[in-house]
Amino acid sequence: MRFATWNVNSVKARLPRLLEWLDQAGPDVLCLQETKVAADDFPAAEVADLGYRTAAYGQGRWNGVALLSRIGLDDVRHGFDAEPGFPEPEARAISATCGGIRFTSVYVPNGRTPEDPHYAYKLAWFAALRDALAVQQGPAVVAGDFNVAPTDDDVWDPEVFIGATHVTPPERDALAALRALGLTDVVPRPLKGDRPYTYWDYRAGMFHQNKGMRIDLVYATPEVAATVRDAVVDREARKGKGPSDHAPIIVDTEERGSPV
């Protein structure tokens, strides 16, 4: 099986690139984030031409998550139990069973600044996600834009981020609490340099200087993690005209098309 995750930063703005990438990379399952469209406006017909079924959860101009699958898409769920809102629940998580694995695509709240109410929302959201995953059984993957760099090695310069979100101890503790459930951080290999960054700011030079962050993550249960043959940041997808500011992560397991 090949699966992937990608914060596409507007599925409509990136649709030609997404379709080309799907055709070239050929994931069996794709977790998408920041689609920025209502579910009814998701370009499901276009991806269906490439053999994918779609489950989308969106709210127009903001947020939005989706799952694309060509190996089944069953028991679709929007959000999760006790998910907090800001003030209402937002389109930040969608899950479904594909090829015998429970996939969850997540777009974790940004947090803005540690003093902002959005930061408290982010931590509460993480805590509720952990509780929801704790009762889940069977092989599973939770992938997406977690808006947290797990360690100082996951940002291009730790000094630059002092006092900012994405690197604070409470955020990293929230990630550690997810891993404590038995989830493995499937760290991809980079295509440039020695750090598997997945996000580079649009500001001039950040991408070309490889001043990035690893905030897009793939967490897998032991049944799935044990079968991972390769994982890579597809940095090529961040190049060219009108890219997302994130690159996809592609994960290959031992037997393409099998549940685990």
# chains A, B, ... in the order shown; residues from 1 in each chain; ligands from 1
call {"tool": "select_by_dssp", "arguments": {"residues": "stretch 36-169 of chain A", "states": "helix (DSSP H, G or I)", "output": "VMD selection string"}}
result
chain A and resid 39 to 41 44 to 48 117 to 134 152 to 154 158 to 161 169
call {"tool": "residues_around", "arguments": {"residues": "stretch 5-8 of chain A", "least_positions_apart": "6", "cutoff": "6 Å", "atoms": "only C-alpha atoms", "output": "PyMOL selection string"}}
result
chain A and resi 30-34+144+244+246+248-249
call {"tool": "write_last_selection", "arguments": {"atoms": "N, CA and C atoms", "output": "PDB file, in the first residue's frame"}}
result
ATOM      1  N   LEU A  30      -5.001   9.179   0.259  1.00  0.00           N
ATOM      2  CA  LEU A  30      -4.408  10.494   0.483  1.00  0.00           C
ATOM      3  C   LEU A  30      -5.206  11.239   1.537  1.00  0.00           C
ATOM      4  N   CYS A  31      -4.506  11.695   2.572  1.00  0.00           N
ATOM      5  CA  CYS A  31      -5.090  12.566   3.581  1.00  0.00           C
ATOM      6  C   CYS A  31      -4.800  14.008   3.180  1.00  0.00           C
ATOM      7  N   LEU A  32      -5.834  14.812   3.037  1.00  0.00           N
ATOM      8  CA  LEU A  32      -5.672  16.217   2.652  1.00  0.00           C
ATOM      9  C   LEU A  32      -6.075  17.127   3.800  1.00  0.00           C
ATOM     10  N   GLN A  33      -5.407  18.278   3.883  1.00  0.00           N
ATOM     11  CA  GLN A  33      -5.752  19.287   4.877  1.00  0.00           C
ATOM     12  C   GLN A  33      -5.790  20.673   4.231  1.00  0.00           C
ATOM     13  N   GLU A  34      -6.452  21.574   4.932  1.00  0.00           N
ATOM     14  CA  GLU A  34      -6.620  22.969   4.517  1.00  0.00           C
ATOM     15  C   GLU A  34      -7.168  23.034   3.084  1.00  0.00           C
ATOM     16  N   GLY A 144      -1.357  14.278   8.987  1.00  0.00           N
ATOM     17  CA  GLY A 144      -1.796  15.602   8.589  1.00  0.00           C
ATOM     18  C   GLY A 144      -0.881  16.695   9.073  1.00  0.00           C
ATOM     19  N   SER A 244       1.612  24.734  -2.914  1.00  0.00           N
ATOM     20  CA  SER A 244       1.285  24.856  -1.502  1.00  0.00           C
ATOM     21  C   SER A 244       2.572  25.185  -0.753  1.00  0.00           C
ATOM     22  N   HIS A 246       3.321  23.584   1.829  1.00  0.00           N
ATOM     23  CA  HIS A 246       3.666  22.281   2.408  1.00  0.00           C
ATOM     24  C   HIS A 246       3.987  21.295   1.294  1.00  0.00           C
ATOM     25  N   PRO A 248       4.010  17.063   0.284  1.00  0.00           N
ATOM     26  CA  PRO A 248       3.398  15.803   0.710  1.00  0.00           C
ATOM     27  C   PRO A 248       4.424  14.865   1.344  1.00  0.00           C
ATOM     28  N   ILE A 249       3.933  13.991   2.204  1.00  0.00           N
ATOM     29  CA  ILE A 249       4.712  12.854   2.697  1.00  0.00           C
ATOM     30  C   ILE A 249       4.119  11.603   2.060  1.00  0.00           C
TER      31      ILE A 249
END
call {"tool": "closest_residue", "arguments": {"among": "A:Arg130, A:Gly58, A:Ala140, A:Pro117", "to": "A:Phe103", "atoms": "only C-alpha atoms"}}
result
A:Ala140
call {"tool": "closest_residue", "arguments": {"among": "A:Trp62, A:Trp125, A:Tyr52, A:Phe146", "to": "A:Tyr199", "atoms": "only C-alpha atoms"}}
result
A:Phe146
call {"tool": "closest_residue", "arguments": {"among": "A:Asp157, A:Lys122, A:Ala231, A:Ala44", "to": "A:Met206", "atoms": "only C-alpha atoms"}}
result
A:Asp157
call {"tool": "select_by_dssp", "arguments": {"residues": "stretch 105-247 of chain A", "states": "strand (DSSP E)", "output": "list in words"}}
result
Ser105, Val106, Tyr107, Ala140, Val141, Val142, Ala143, Gly144, Asp145, Thr184, Asp185, Asp216, Leu217, Val218, Tyr219, Ala220, Val228, Arg229, Asp230, Ala231, Val232 and Val233 of chain A
call {"tool": "write_last_selection", "arguments": {"atoms": "N, CA and C atoms", "output": "short mmCIF file (atom, residue, chain, number, x, y, z; two decimals), in the first residue's frame"}}
result
data_model
loop_
_atom_site.label_atom_id
_atom_site.label_comp_id
_atom_site.auth_asym_id
_atom_site.auth_seq_id
_atom_site.Cartn_x
_atom_site.Cartn_y
_atom_site.Cartn_z
N SER A 105 -7.40 12.05 8.88
CA SER A 105 -6.70 13.23 8.38
C SER A 105 -6.99 14.38 9.33
N VAL A 106 -5.94 15.01 9.86
CA VAL A 106 -6.13 16.07 10.86
C VAL A 106 -5.45 17.36 10.43
N TYR A 107 -6.13 18.45 10.74
CA TYR A 107 -5.57 19.79 10.57
C TYR A 107 -5.67 20.48 11.93
N ALA A 140 -4.21 1.62 12.40
CA ALA A 140 -4.65 2.99 12.16
C ALA A 140 -3.49 3.89 11.80
N VAL A 141 -3.82 4.95 11.08
CA VAL A 141 -2.89 6.01 10.73
C VAL A 141 -3.57 7.34 11.02
N VAL A 142 -2.85 8.21 11.71
CA VAL A 142 -3.31 9.58 11.94
C VAL A 142 -2.27 10.48 11.28
N ALA A 143 -2.69 11.20 10.26
CA ALA A 143 -1.72 11.96 9.47
C ALA A 143 -2.28 13.33 9.14
N GLY A 144 -1.36 14.28 8.99
CA GLY A 144 -1.80 15.60 8.59
C GLY A 144 -0.88 16.70 9.07
N ASP A 145 -1.43 17.89 9.10
CA ASP A 145 -0.71 19.08 9.56
C ASP A 145 -0.98 19.23 11.05
N THR A 184 3.61 5.32 16.43
CA THR A 184 4.97 5.56 15.96
C THR A 184 4.99 6.77 15.03
N ASP A 185 5.95 7.65 15.25
CA ASP A 185 6.19 8.77 14.36
C ASP A 185 6.96 8.24 13.16
N ASP A 216 4.17 18.48 9.44
CA ASP A 216 3.27 17.48 8.87
C ASP A 216 3.80 16.12 9.30
N LEU A 217 2.94 15.34 9.92
CA LEU A 217 3.39 14.10 10.57
C LEU A 217 2.52 12.93 10.17
N VAL A 218 3.10 11.75 10.29
CA VAL A 218 2.37 10.49 10.10
C VAL A 218 2.58 9.66 11.36
N TYR A 219 1.50 9.42 12.09
CA TYR A 219 1.54 8.58 13.28
C TYR A 219 0.79 7.28 12.96
N ALA A 220 1.42 6.15 13.27
CA ALA A 220 0.86 4.86 12.89
C ALA A 220 0.88 3.90 14.07
N VAL A 228 6.17 -0.50 7.29
CA VAL A 228 6.65 0.63 6.49
C VAL A 228 7.99 0.27 5.85
N ARG A 229 8.02 0.37 4.54
CA ARG A 229 9.22 0.08 3.77
C ARG A 229 10.00 1.35 3.45
N ASP A 230 9.27 2.44 3.21
CA ASP A 230 9.92 3.70 2.89
C ASP A 230 8.95 4.84 3.18
N ALA A 231 9.51 5.99 3.50
CA ALA A 231 8.73 7.21 3.68
C ALA A 231 9.59 8.37 3.23
N VAL A 232 9.00 9.30 2.49
CA VAL A 232 9.79 10.38 1.91
C VAL A 232 8.97 11.66 1.85
N VAL A 233 9.63 12.79 2.02
CA VAL A 233 9.02 14.08 1.77
C VAL A 233 9.15 14.36 0.28
#
call {"tool": "residues_around", "arguments": {"residues": "stretch 92-100 of chain A", "least_positions_apart": "4", "cutoff": "7 Å", "atoms": "only C-alpha atoms", "output": "list in words"}}
result
Tyr57, Asn63, Gly64, Val65, Ala66, Ser69, Ile71, Gly72, Leu73, Asp74, Asp75, Val76, Arg77, His78, Gly79, Thr104, Ser105, Val106, Tyr107, Val108, Ser258 and Pro259 of chain A
call {"tool": "write_last_selection", "arguments": {"atoms": "N, CA, C and O atoms", "output": "PDB file, in the first residue's frame"}}
result
ATOM      1  N   TYR A  57     -14.851  17.098   4.333  1.00  0.00           N
ATOM      2  CA  TYR A  57     -15.458  17.813   5.453  1.00  0.00           C
ATOM      3  C   TYR A  57     -14.899  19.227   5.395  1.00  0.00           C
ATOM      4  O   TYR A  57     -13.685  19.423   5.552  1.00  0.00           O
ATOM      5  N   ASN A  63     -10.020  26.157   6.861  1.00  0.00           N
ATOM      6  CA  ASN A  63      -9.863  24.777   7.333  1.00  0.00           C
ATOM      7  C   ASN A  63     -10.208  23.766   6.237  1.00  0.00           C
ATOM      8  O   ASN A  63      -9.908  23.974   5.083  1.00  0.00           O
ATOM      9  N   GLY A  64     -10.814  22.672   6.614  1.00  0.00           N
ATOM     10  CA  GLY A  64     -11.217  21.655   5.647  1.00  0.00           C
ATOM     11  C   GLY A  64     -10.246  20.496   5.549  1.00  0.00           C
ATOM     12  O   GLY A  64      -9.033  20.682   5.456  1.00  0.00           O
ATOM     13  N   VAL A  65     -10.797  19.276   5.598  1.00  0.00           N
ATOM     14  CA  VAL A  65     -10.003  18.051   5.491  1.00  0.00           C
ATOM     15  C   VAL A  65     -10.728  17.086   4.555  1.00  0.00           C
ATOM     16  O   VAL A  65     -11.936  17.199   4.329  1.00  0.00           O
ATOM     17  N   ALA A  66      -9.975  16.132   4.023  1.00  0.00           N
ATOM     18  CA  ALA A  66     -10.573  15.159   3.120  1.00  0.00           C
ATOM     19  C   ALA A  66      -9.737  13.893   3.095  1.00  0.00           C
ATOM     20  O   ALA A  66      -8.554  13.890   3.471  1.00  0.00           O
ATOM     21  N   SER A  69      -9.483   7.831  -1.635  1.00  0.00           N
ATOM     22  CA  SER A  69      -9.079   6.423  -1.561  1.00  0.00           C
ATOM     23  C   SER A  69      -9.514   5.671  -2.812  1.00  0.00           C
ATOM     24  O   SER A  69     -10.599   5.910  -3.350  1.00  0.00           O
ATOM     25  N   ILE A  71      -9.006   2.226  -2.498  1.00  0.00           N
ATOM     26  CA  ILE A  71      -9.034   0.875  -1.914  1.00  0.00           C
ATOM     27  C   ILE A  71     -10.145   0.764  -0.872  1.00  0.00           C
ATOM     28  O   ILE A  71     -10.051  -0.003   0.066  1.00  0.00           O
ATOM     29  N   GLY A  72     -11.206   1.541  -1.063  1.00  0.00           N
ATOM     30  CA  GLY A  72     -12.331   1.503  -0.137  1.00  0.00           C
ATOM     31  C   GLY A  72     -12.393   2.740   0.730  1.00  0.00           C
ATOM     32  O   GLY A  72     -11.354   3.348   1.035  1.00  0.00           O
ATOM     33  N   LEU A  73     -13.589   3.115   1.116  1.00  0.00           N
ATOM     34  CA  LEU A  73     -13.798   4.307   1.936  1.00  0.00           C
ATOM     35  C   LEU A  73     -15.061   4.074   2.756  1.00  0.00           C
ATOM     36  O   LEU A  73     -16.165   4.427   2.345  1.00  0.00           O
ATOM     37  N   ASP A  74     -14.882   3.457   3.915  1.00  0.00           N
ATOM     38  CA  ASP A  74     -16.017   2.991   4.712  1.00  0.00           C
ATOM     39  C   ASP A  74     -16.068   3.678   6.073  1.00  0.00           C
ATOM     40  O   ASP A  74     -15.048   4.106   6.614  1.00  0.00           O
ATOM     41  N   ASP A  75     -17.286   3.725   6.629  1.00  0.00           N
ATOM     42  CA  ASP A  75     -17.501   4.251   7.978  1.00  0.00           C
ATOM     43  C   ASP A  75     -16.876   5.638   8.147  1.00  0.00           C
ATOM     44  O   ASP A  75     -16.076   5.887   9.052  1.00  0.00           O
ATOM     45  N   VAL A  76     -17.253   6.557   7.284  1.00  0.00           N
ATOM     46  CA  VAL A  76     -16.716   7.922   7.324  1.00  0.00           C
ATOM     47  C   VAL A  76     -17.244   8.651   8.553  1.00  0.00           C
ATOM     48  O   VAL A  76     -18.427   8.582   8.873  1.00  0.00           O
ATOM     49  N   ARG A  77     -16.353   9.361   9.216  1.00  0.00           N
ATOM     50  CA  ARG A  77     -16.718  10.112  10.424  1.00  0.00           C
ATOM     51  C   ARG A  77     -16.125  11.508  10.346  1.00  0.00           C
ATOM     52  O   ARG A  77     -14.936  11.680  10.083  1.00  0.00           O
ATOM     53  N   HIS A  78     -16.953  12.522  10.551  1.00  0.00           N
ATOM     54  CA  HIS A  78     -16.488  13.898  10.637  1.00  0.00           C
ATOM     55  C   HIS A  78     -16.206  14.233  12.095  1.00  0.00           C
ATOM     56  O   HIS A  78     -17.063  14.049  12.966  1.00  0.00           O
ATOM     57  N   GLY A  79     -15.010  14.743  12.378  1.00  0.00           N
ATOM     58  CA  GLY A  79     -14.662  15.096  13.745  1.00  0.00           C
ATOM     59  C   GLY A  79     -14.478  13.869  14.618  1.00  0.00           C
ATOM     60  O   GLY A  79     -14.304  12.745  14.133  1.00  0.00           O
ATOM     61  N   THR A 104      -7.120   8.730   9.654  1.00  0.00           N
ATOM     62  CA  THR A 104      -7.646  10.004  10.135  1.00  0.00           C
ATOM     63  C   THR A 104      -6.773  11.120   9.599  1.00  0.00           C
ATOM     64  O   THR A 104      -5.556  11.119   9.797  1.00  0.00           O
ATOM     65  N   SER A 105      -7.396  12.048   8.884  1.00  0.00           N
ATOM     66  CA  SER A 105      -6.700  13.226   8.381  1.00  0.00           C
ATOM     67  C   SER A 105      -6.993  14.380   9.328  1.00  0.00           C
ATOM     68  O   SER A 105      -8.160  14.694   9.594  1.00  0.00           O
ATOM     69  N   VAL A 106      -5.938  15.013   9.864  1.00  0.00           N
ATOM     70  CA  VAL A 106      -6.126  16.068  10.857  1.00  0.00           C
ATOM     71  C   VAL A 106      -5.450  17.363  10.430  1.00  0.00           C
ATOM     72  O   VAL A 106      -4.374  17.355   9.833  1.00  0.00           O
ATOM     73  N   TYR A 107      -6.129  18.452  10.738  1.00  0.00           N
ATOM     74  CA  TYR A 107      -5.571  19.794  10.566  1.00  0.00           C
ATOM     75  C   TYR A 107      -5.674  20.479  11.929  1.00  0.00           C
ATOM     76  O   TYR A 107      -6.689  21.056  12.289  1.00  0.00           O
ATOM     77  N   VAL A 108      -4.613  20.354  12.701  1.00  0.00           N
ATOM     78  CA  VAL A 108      -4.610  20.822  14.080  1.00  0.00           C
ATOM     79  C   VAL A 108      -4.643  22.360  14.112  1.00  0.00           C
ATOM     80  O   VAL A 108      -3.995  23.009  13.286  1.00  0.00           O
ATOM     81  N   SER A 258      -2.361  -4.233   0.210  1.00  0.00           N
ATOM     82  CA  SER A 258      -2.810  -5.063   1.332  1.00  0.00           C
ATOM     83  C   SER A 258      -3.148  -4.191   2.517  1.00  0.00           C
ATOM     84  O   SER A 258      -2.710  -3.046   2.609  1.00  0.00           O
ATOM     85  N   PRO A 259      -3.969  -4.669   3.480  1.00  0.00           N
ATOM     86  CA  PRO A 259      -4.362  -3.852   4.613  1.00  0.00           C
ATOM     87  C   PRO A 259      -3.198  -3.369   5.434  1.00  0.00           C
ATOM     88  O   PRO A 259      -3.201  -2.261   5.920  1.00  0.00           O
TER      89      PRO A 259
END
call {"tool": "closest_residue", "arguments": {"among": "A:Ala45, A:Val29, A:Val135, A:Leu123", "to": "A:Phe80", "atoms": "only C-alpha atoms"}}
result
A:Val135
call {"tool": "residues_around", "arguments": {"residues": "A:Leu178", "least_positions_apart": "6", "cutoff": "9 Å", "atoms": "only C-alpha atoms", "output": "number ranges by chain"}}
result
A: 126-127, 129-130, 133-134, 219
